[in-house]
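Shown here: coords.csv, CSV, C-alpha atoms.
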chain,number,residue,atom,x,y,z
A,1,MET,CA,-21.3,53.7,-1.5
A,2,ALA,CA,-24.9,52.7,-2.2
A,3,LEU,CA,-25.8,49.1,-1.5
A,4,HIS,CA,-26.6,48.4,-5.2
A,5,THR,CA,-23.3,49.8,-6.3
A,6,TYR,CA,-21.4,47.9,-3.7
A,7,LEU,CA,-23.1,44.6,-4.7
A,8,ARG,CA,-22.5,45.3,-8.3
A,9,HIS,CA,-18.8,46.0,-7.7
A,10,SER,CA,-18.6,42.8,-5.6
A,11,VAL,CA,-20.1,40.7,-8.4
A,12,LEU,CA,-17.6,42.1,-10.9
A,13,ILE,CA,-14.7,41.3,-8.5
A,14,LEU,CA,-15.9,37.7,-8.2
A,15,ILE,CA,-16.2,37.4,-12.0
A,16,ALA,CA,-12.7,38.7,-12.6
A,17,GLY,CA,-11.4,36.4,-9.9
A,18,LEU,CA,-13.1,33.4,-11.4
A,19,GLU,CA,-11.7,34.3,-14.9
A,20,ARG,CA,-8.1,34.5,-13.5
A,21,ALA,CA,-8.5,31.2,-11.6
A,22,VAL,CA,-9.7,29.4,-14.7
A,23,THR,CA,-7.0,30.9,-16.9
A,24,GLN,CA,-4.3,29.9,-14.5
A,25,ARG,CA,-5.5,26.3,-14.7
A,26,LEU,CA,-5.6,26.4,-18.5
A,27,ILE,CA,-2.2,28.0,-19.2
A,28,PRO,CA,0.0,25.0,-18.2
A,29,ALA,CA,-2.0,22.9,-20.7
A,30,THR,CA,-1.0,25.1,-23.6
A,31,GLY,CA,2.4,23.5,-23.7
A,32,SER,CA,0.9,20.4,-25.2
A,33,LEU,CA,-0.2,22.5,-28.3
A,34,ARG,CA,2.6,25.0,-28.4
A,35,PRO,CA,5.7,24.5,-26.3
A,36,ASP,CA,6.6,28.2,-25.8
A,37,ALA,CA,3.1,29.2,-24.8
A,38,PRO,CA,3.2,28.6,-21.0
A,39,GLY,CA,6.0,31.2,-20.9
A,40,TRP,CA,3.9,33.9,-22.6
A,41,LYS,CA,2.9,37.0,-20.6
A,42,TRP,CA,-0.7,35.9,-20.3
A,43,GLU,CA,-3.2,38.5,-19.3
A,44,ILE,CA,-7.0,38.1,-18.6
A,45,ASN,CA,-9.2,41.2,-18.4
A,46,THR,CA,-12.9,41.7,-17.8
A,47,LEU,CA,-14.8,44.3,-19.7
A,48,THR,CA,-17.9,45.5,-17.8
A,49,THR,CA,-20.7,45.4,-20.3
A,50,GLU,CA,-24.0,43.7,-21.0
A,51,GLU,CA,-22.7,42.3,-24.3
A,52,MET,CA,-21.8,38.6,-24.5
A,53,ASN,CA,-18.4,38.4,-26.1
A,54,ALA,CA,-14.8,37.4,-25.6
A,55,TYR,CA,-11.7,37.7,-27.7
A,56,ALA,CA,-7.9,37.1,-27.6
A,57,MET,CA,-4.9,38.7,-29.2
A,58,PRO,CA,-1.6,37.1,-30.2
A,59,GLY,CA,0.8,36.9,-27.3
A,60,GLY,CA,-1.8,36.0,-24.7
A,61,LYS,CA,-4.0,39.0,-24.0
A,62,ILE,CA,-7.6,37.8,-23.4
A,63,MET,CA,-10.8,39.9,-22.8
A,64,VAL,CA,-14.0,38.4,-21.5
A,65,TYR,CA,-17.2,40.6,-21.3
A,66,SER,CA,-18.9,40.4,-18.0
A,67,GLY,CA,-22.3,40.1,-19.7
A,68,LEU,CA,-21.2,36.7,-21.1
A,69,VAL,CA,-20.7,35.3,-17.6
A,70,GLU,CA,-23.7,37.0,-16.0
A,71,LYS,CA,-26.3,36.5,-18.6
A,72,LEU,CA,-25.5,32.9,-19.2
A,73,GLN,CA,-24.7,32.2,-15.5
A,74,LEU,CA,-21.5,30.3,-16.6
A,75,THR,CA,-20.0,27.6,-14.4
A,76,ASP,CA,-16.3,27.5,-14.0
A,77,ALA,CA,-16.1,24.7,-16.5
A,78,GLU,CA,-18.3,26.6,-19.1
A,79,LEU,CA,-16.1,29.6,-18.6
A,80,ALA,CA,-13.1,27.3,-19.2
A,81,ALA,CA,-14.6,26.4,-22.6
A,82,VAL,CA,-14.8,30.1,-23.5
A,83,ILE,CA,-11.3,31.0,-22.3
A,84,GLY,CA,-9.9,27.8,-23.7
A,85,HIS,CA,-11.4,28.7,-27.1
A,86,GLU,CA,-9.9,32.2,-26.9
A,87,ILE,CA,-6.5,30.9,-25.8
A,88,SER,CA,-6.6,28.6,-28.9
A,89,HIS,CA,-7.0,31.6,-31.1
A,90,ALA,CA,-4.0,33.2,-29.5
A,91,LEU,CA,-1.9,30.0,-29.9
A,92,ARG,CA,-2.7,29.7,-33.6
A,93,GLU,CA,-2.3,33.5,-34.1
A,94,HIS,CA,-5.7,33.7,-35.9
A,95,THR,CA,-6.0,37.4,-35.4
A,96,ARG,CA,-2.7,38.1,-37.2
A,97,GLU,CA,-3.7,35.6,-39.9
A,98,ARG,CA,-7.0,37.4,-40.5
A,99,VAL,CA,-5.4,40.9,-40.6
A,100,SER,CA,-2.8,39.6,-43.1
A,101,ARG,CA,-5.5,38.1,-45.3
A,102,ALA,CA,-7.7,41.2,-45.2
A,103,TYR,CA,-4.6,43.4,-46.1
A,104,ALA,CA,-3.8,41.1,-49.1
A,105,GLN,CA,-7.4,41.3,-50.3
A,106,GLN,CA,-7.4,45.1,-50.2
A,107,ILE,CA,-4.1,45.3,-52.1
A,108,ALA,CA,-5.4,42.9,-54.8
A,109,LEU,CA,-8.7,44.8,-55.2
A,110,ALA,CA,-6.9,48.1,-55.4
A,111,GLY,CA,-4.7,46.8,-58.1
A,112,LEU,CA,-7.7,45.4,-60.0
A,113,ALA,CA,-9.4,48.8,-59.8
A,114,VAL,CA,-6.3,50.6,-61.3
A,115,VAL,CA,-6.0,48.1,-64.1
A,116,THR,CA,-9.7,47.9,-65.1
A,117,GLY,CA,-10.7,51.5,-64.2
A,118,ALA,CA,-13.6,50.1,-62.0
A,119,GLY,CA,-15.8,52.6,-60.2
A,120,GLN,CA,-16.3,52.7,-56.5
A,121,ASP,CA,-19.6,50.8,-56.7
A,122,ALA,CA,-18.0,48.0,-58.6
A,123,LEU,CA,-15.1,47.9,-56.2
A,124,ASP,CA,-17.4,47.8,-53.2
A,125,LEU,CA,-19.4,44.9,-54.7
A,126,ALA,CA,-16.1,43.0,-55.5
A,127,ASN,CA,-15.0,43.5,-51.9
A,128,GLN,CA,-18.3,42.1,-50.6
A,129,VAL,CA,-18.1,39.1,-52.9
A,130,ALA,CA,-14.4,38.5,-51.8
A,131,THR,CA,-15.4,38.7,-48.2
A,132,VAL,CA,-18.2,36.2,-48.5
A,133,THR,CA,-16.2,33.9,-50.8
A,134,PHE,CA,-12.9,33.9,-49.0
A,135,GLN,CA,-12.8,35.5,-45.6
A,136,LEU,CA,-15.9,34.0,-44.0
A,137,PRO,CA,-15.2,30.3,-44.8
A,138,HIS,CA,-11.7,30.7,-43.5
A,139,SER,CA,-13.0,32.4,-40.4
A,140,ARG,CA,-15.4,29.5,-39.7
A,141,GLU,CA,-12.5,27.2,-40.2
A,142,GLN,CA,-10.6,29.1,-37.5
A,143,GLU,CA,-13.5,29.0,-35.1
A,144,SER,CA,-13.9,25.2,-35.5
A,145,GLU,CA,-10.2,24.8,-35.0
A,146,ALA,CA,-10.3,26.9,-31.8
A,147,ASP,CA,-13.3,24.8,-30.6
A,148,MET,CA,-11.3,21.6,-31.0
A,149,MET,CA,-8.1,23.0,-29.4
A,150,GLY,CA,-10.1,24.6,-26.6
A,151,LEU,CA,-11.9,21.3,-25.9
A,152,GLU,CA,-8.5,19.6,-25.5
A,153,LEU,CA,-7.1,22.4,-23.3
A,154,MET,CA,-10.0,22.3,-20.9
A,155,ALA,CA,-9.9,18.5,-20.6
A,156,ARG,CA,-6.1,18.6,-19.9
A,157,ALA,CA,-6.8,21.2,-17.2
A,158,GLY,CA,-9.4,19.0,-15.5
A,159,TYR,CA,-12.6,20.7,-16.7
A,160,ASP,CA,-15.3,18.4,-18.0
A,161,PRO,CA,-15.4,18.7,-21.8
A,162,GLU,CA,-19.2,18.1,-21.7
A,163,SER,CA,-19.4,21.7,-20.4
A,164,ALA,CA,-18.4,23.0,-23.8
A,165,VAL,CA,-21.6,21.6,-25.2
A,166,HIS,CA,-23.6,23.1,-22.3
A,167,LEU,CA,-22.1,26.5,-23.0
A,168,TRP,CA,-23.3,26.4,-26.6
A,169,GLN,CA,-26.7,25.1,-25.7
A,170,LYS,CA,-26.9,28.2,-23.5
A,171,MET,CA,-25.7,30.4,-26.3
A,172,LEU,CA,-28.2,28.9,-28.7
A,173,ALA,CA,-31.1,29.5,-26.2
A,174,ALA,CA,-29.9,33.1,-25.7
A,175,ASP,CA,-29.5,33.9,-29.4
A,176,LYS,CA,-33.0,33.9,-30.9
A,177,SER,CA,-31.8,35.4,-34.2
A,178,ASN,CA,-28.9,33.0,-35.0
A,179,PRO,CA,-28.0,33.7,-38.7
A,180,PRO,CA,-27.6,30.8,-41.2
A,181,GLN,CA,-24.2,29.3,-41.1
A,182,PHE,CA,-23.3,30.4,-44.7
A,183,LEU,CA,-23.7,34.1,-43.8
A,184,SER,CA,-22.0,33.9,-40.4
A,185,THR,CA,-18.3,34.3,-39.5
A,186,HIS,CA,-18.9,31.5,-36.9
A,187,PRO,CA,-20.2,28.0,-37.2
A,188,SER,CA,-23.9,27.9,-36.4
A,189,ALA,CA,-24.6,26.9,-32.8
A,190,PRO,CA,-26.3,23.5,-33.7
A,191,ASN,CA,-23.4,22.6,-36.0
A,192,ARG,CA,-20.9,23.7,-33.3
A,193,ILE,CA,-22.6,21.5,-30.7
A,194,GLY,CA,-22.6,18.5,-33.0
A,195,GLN,CA,-18.9,18.9,-33.7
A,196,LEU,CA,-18.1,19.2,-30.0
A,197,GLN,CA,-20.2,16.2,-29.1
A,198,ALA,CA,-18.4,14.2,-31.7
A,199,ALA,CA,-15.0,15.2,-30.4
A,200,ILE,CA,-15.6,14.6,-26.7
A,201,PRO,CA,-14.8,10.9,-26.7
A,202,ARG,CA,-11.3,11.8,-28.0
A,203,VAL,CA,-10.5,14.1,-25.1
A,204,MET,CA,-12.2,12.3,-22.2
A,205,PRO,CA,-9.1,10.3,-21.5
A,206,LEU,CA,-7.2,13.6,-21.0
A,207,TYR,CA,-9.9,14.7,-18.6
A,208,ARG,CA,-9.7,11.5,-16.6
A,209,ALA,CA,-5.9,11.6,-16.5
A,210,ALA,CA,-6.0,15.2,-15.1
A,211,HIS,CA,-8.0,13.9,-12.1
A,212,GLN,CA,-5.8,10.9,-11.6
A,213,GLY,CA,-2.5,12.8,-11.6
Translate the structure described by the file into structure tokens.
Amino acid sequence: MALHTYLRHSVLILIAGLERAVTQRLIPATGSLRPDAPGWKWEINTLTTEEMNAYAMPGGKIMVYSGLVEKLQLTDAELAAVIGHEISHALREHTRERVSRAYAQQIALAGLAVVTGAGQDALDLANQVATVTFQLPHSREQESEADMMGLELMARAGYDPESAVHLWQKMLAADKSNPPQFLSTHPSAPNRIGQLQAAIPRVMPLYRAAHQG
């Protein structure tokens, strides 16, 4: 095995190990938000890619892209902010919620097309309007909720909640083309940072208690 390949493989092993370690610390804290969650079959996976992303599915399946950890040089506490956020999506079943909402929207639009005899162009426009009007604000709401829940989880697990702010400061610096909030499915990074900073005093006692226990 070439030295470069060996080193690359070693880095990915370290990243995967760090993600598992952080997740194992966060899982016990999920019981404070959803009593059945610590017993889920949690699974953390690493996707080897330069992209910066992460997501979670209902039931506890989490995926973190290696590019997110590498490009932002995340600390364990910053990684806890990412994974805590994704765990929160799983706890609230946001993915299932979004799929159900999208399905209901398509059924409604199809019914409208049948009744009015609307052409495909009109239907496409209606779909875009419905997406901007209904889906995106709800998605931003889900993201904000996951931010607040994730902040609490990381604090309960003994990770400094200030690191969530550091994470998004890094994301803001890395994303030179951050779209306006009203066109995004996520809160804009500056707004996100402000919301997290405002919430930190609420969760700091949990962080201190985690280190006293």
Computed interatomic separation between CA of Leu206 (chain A) and CA of Ala164 (chain A) (Å):
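Computing it gives 14.9 Å between the two atoms.
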All residues 8 Å or closer to region 166-169 of chain A, only C-alpha atoms, same chain fewer than 4 positions away omitted, as a ChimeraX atom specification:
/A:74,78,81,162,173,189,192-193
Best match for closeness to Leu33 (chain A) among A:His211, A:Lys170, A:Arg92, A:Arg202, counting all atoms listed in the file
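Once distances to Leu33 (chain A) are computed over all atoms listed in the file, the minimum belongs to A:Arg92.
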Tell me, as an mmCIF file with C-alpha atoms, in the frame of the given file, which residues lie within 10 Å of Ile44 (chain A), counting only C-alpha atoms; anything in the same chain fewer than 4 positions away does not count.
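The result, written out as selection_26.cif:
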data_model
loop_
_atom_site.group_PDB
_atom_site.id
_atom_site.type_symbol
_atom_site.label_atom_id
_atom_site.label_comp_id
_atom_site.auth_asym_id
_atom_site.auth_seq_id
_atom_site.Cartn_x
_atom_site.Cartn_y
_atom_site.Cartn_z
ATOM 1 C CA ALA A 16 -12.700 38.700 -12.600
ATOM 2 C CA GLY A 17 -11.400 36.400 -9.900
ATOM 3 C CA GLU A 19 -11.700 34.300 -14.900
ATOM 4 C CA ARG A 20 -8.100 34.500 -13.500
ATOM 5 C CA ALA A 21 -8.500 31.200 -11.600
ATOM 6 C CA VAL A 22 -9.700 29.400 -14.700
ATOM 7 C CA THR A 23 -7.000 30.900 -16.900
ATOM 8 C CA GLN A 24 -4.300 29.900 -14.500
ATOM 9 C CA ALA A 56 -7.900 37.100 -27.600
ATOM 10 C CA GLY A 60 -1.800 36.000 -24.700
ATOM 11 C CA LYS A 61 -4.000 39.000 -24.000
ATOM 12 C CA ILE A 62 -7.600 37.800 -23.400
ATOM 13 C CA MET A 63 -10.800 39.900 -22.800
ATOM 14 C CA VAL A 64 -14.000 38.400 -21.500
ATOM 15 C CA ILE A 83 -11.300 31.000 -22.300
#
Would you mind reading off the distance between CA of Leu68 (chain A) and CA of Ala146 (chain A), one decimal, in Å?
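So the answer is 18.1 Å.
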Distance of CA of Asp76 (chain A) from CA of Val203 (chain A), expressed in Å to one decimal place
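These two atoms are separated by 18.3 Å.
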Kindly indicate which residue among A:Met171, A:Ile13, A:Leu151, A:Ala157 lies nearest to Ala198 (chain A), using all atoms listed in the file for the distances.
A:Leu151
Using only C-alpha atoms, which residue out of A:Glu93, A:Val69, A:Gln142, A:Asp147 lies closest to Ala37 (chain A)?
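Using only C-alpha atoms, Ala37 (chain A) sits closest to A:Glu93.
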Counting all atoms listed in the file, the residue of A:Gln73, A:Ser88, A:Ser66, A:Ser188 that sits nearest Asn45 (chain A):
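Ranked by minimum distance to Asn45 (chain A), first place goes to A:Ser66.
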Nearest candidate to Ile15 (chain A) (options A:Gln212, A:Ser144, A:Thr75, A:Asn191; using only C-alpha atoms):
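Closest to Ile15 (chain A) of all the choices is A:Thr75.
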